[in-house]
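K.L.:
The structure under discussion is supplied below as structure tokens; questions concerning it will follow.
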Amino acid sequence: MPPTQGQIITVGVTGASGAVLAQKTLALLEEDPRVARIHLVVTETGQRLFAEELGLSSGDLKQLPSRLLGRPAAKIEVLPNKDVGASIASGSYDVDSMVIVPCSMGTLASIANGASDDLIARAADVMLKERRKLVLCIRDTPFNRIHLENMLRAEQAGALIMPAIPAFYHQPKTIDDLVTQYVCRVLAQIGLPQEKMYRWTGHSSSKEAKA
């Protein structure tokens, strides 16, 4: 994959289950030579998610990226979710795309209704008004009517709704196989296709397809 101009990506993490999805997203973006900078915003419930699902106790948020990746994170900048005056809260700041992974129903509601009541919701609102790519990796089940209507409103405003649903056609052997395939599909939606993504090549030759 030939490198392009360094992209700036915002990653939001909320309290819906799926901390490992956020962890894998950050790891792949950090490794991607096409990405110059990653702005990470984590809600309070997102921090709790990391503690409960990954065993990362709350502490200095600035140390969170390196703790998530298990190595120094050169590209990731953590922005407080309460800082609605941060760079990504303005349309004049050039962000190529934004992924919220996982995205709770509460955050979906804020985005769908233009609440902009915290930095994640405001940054998402900016992506929509500036016609930039916004991917919402919603994680809940079952959906009630309010959830479905909010998904429709967000999609009609320009967001891409991508539920955290695993695929099995690539014959995954581990949880990491499931997580990697899903996250690779997400990154492909923001113009960052990954070599690790399994690509279906047709029924007769599927067993010969390379991951």
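Quick note on naming: the chains in the structure tokens go A, B, ... in the order shown, residues restart at 1 in each chain, and ligands are numbered from 1 in order of appearance.
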Contacts of Ser110 of chain A at 10 Å or less, counting only C-alpha atoms, minus same-chain residues fewer than 2 places along, as a ChimeraX atom specification?
P.N.:
/A:105-108,112-118,120-122,124-125,150,154
K.L.:
Pull the strand (DSSP E) assignments for chain A out of DSSP run on the backbone, and list those residues as a PyMOL selection string.
P.N.:
chain A and resi 7-13+35-42+76-80+97-103+133-138+160-161
K.L.:
Within 12 Å of segment 26-30 of chain A, counting only C-alpha atoms, which residues show up once you throw out same-chain ones fewer than 2 positions away? Write them as a PyMOL selection string, please.
P.N.:
chain A and resi 6-13+19-24+32-41+64-78+98-101+179-181+183-188+190-197
K.L.:
Going by DSSP on the backbone, which bits of segment 33-162 of chain A are alpha helix (DSSP H)? Write them as an MDAnalysis selection string, please.
P.N.:
chainID A and resid 44:54 64:69 105:112 119:129 145:157
K.L.:
What is the distance between atom CA of Gln47 of chain A and atom CA of Lys82 of chain A, in Å to one decimal?
P.N.:
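About the pair atom CA of Gln47 of chain A and atom CA of Lys82 of chain A: they are 13.5 Å apart.
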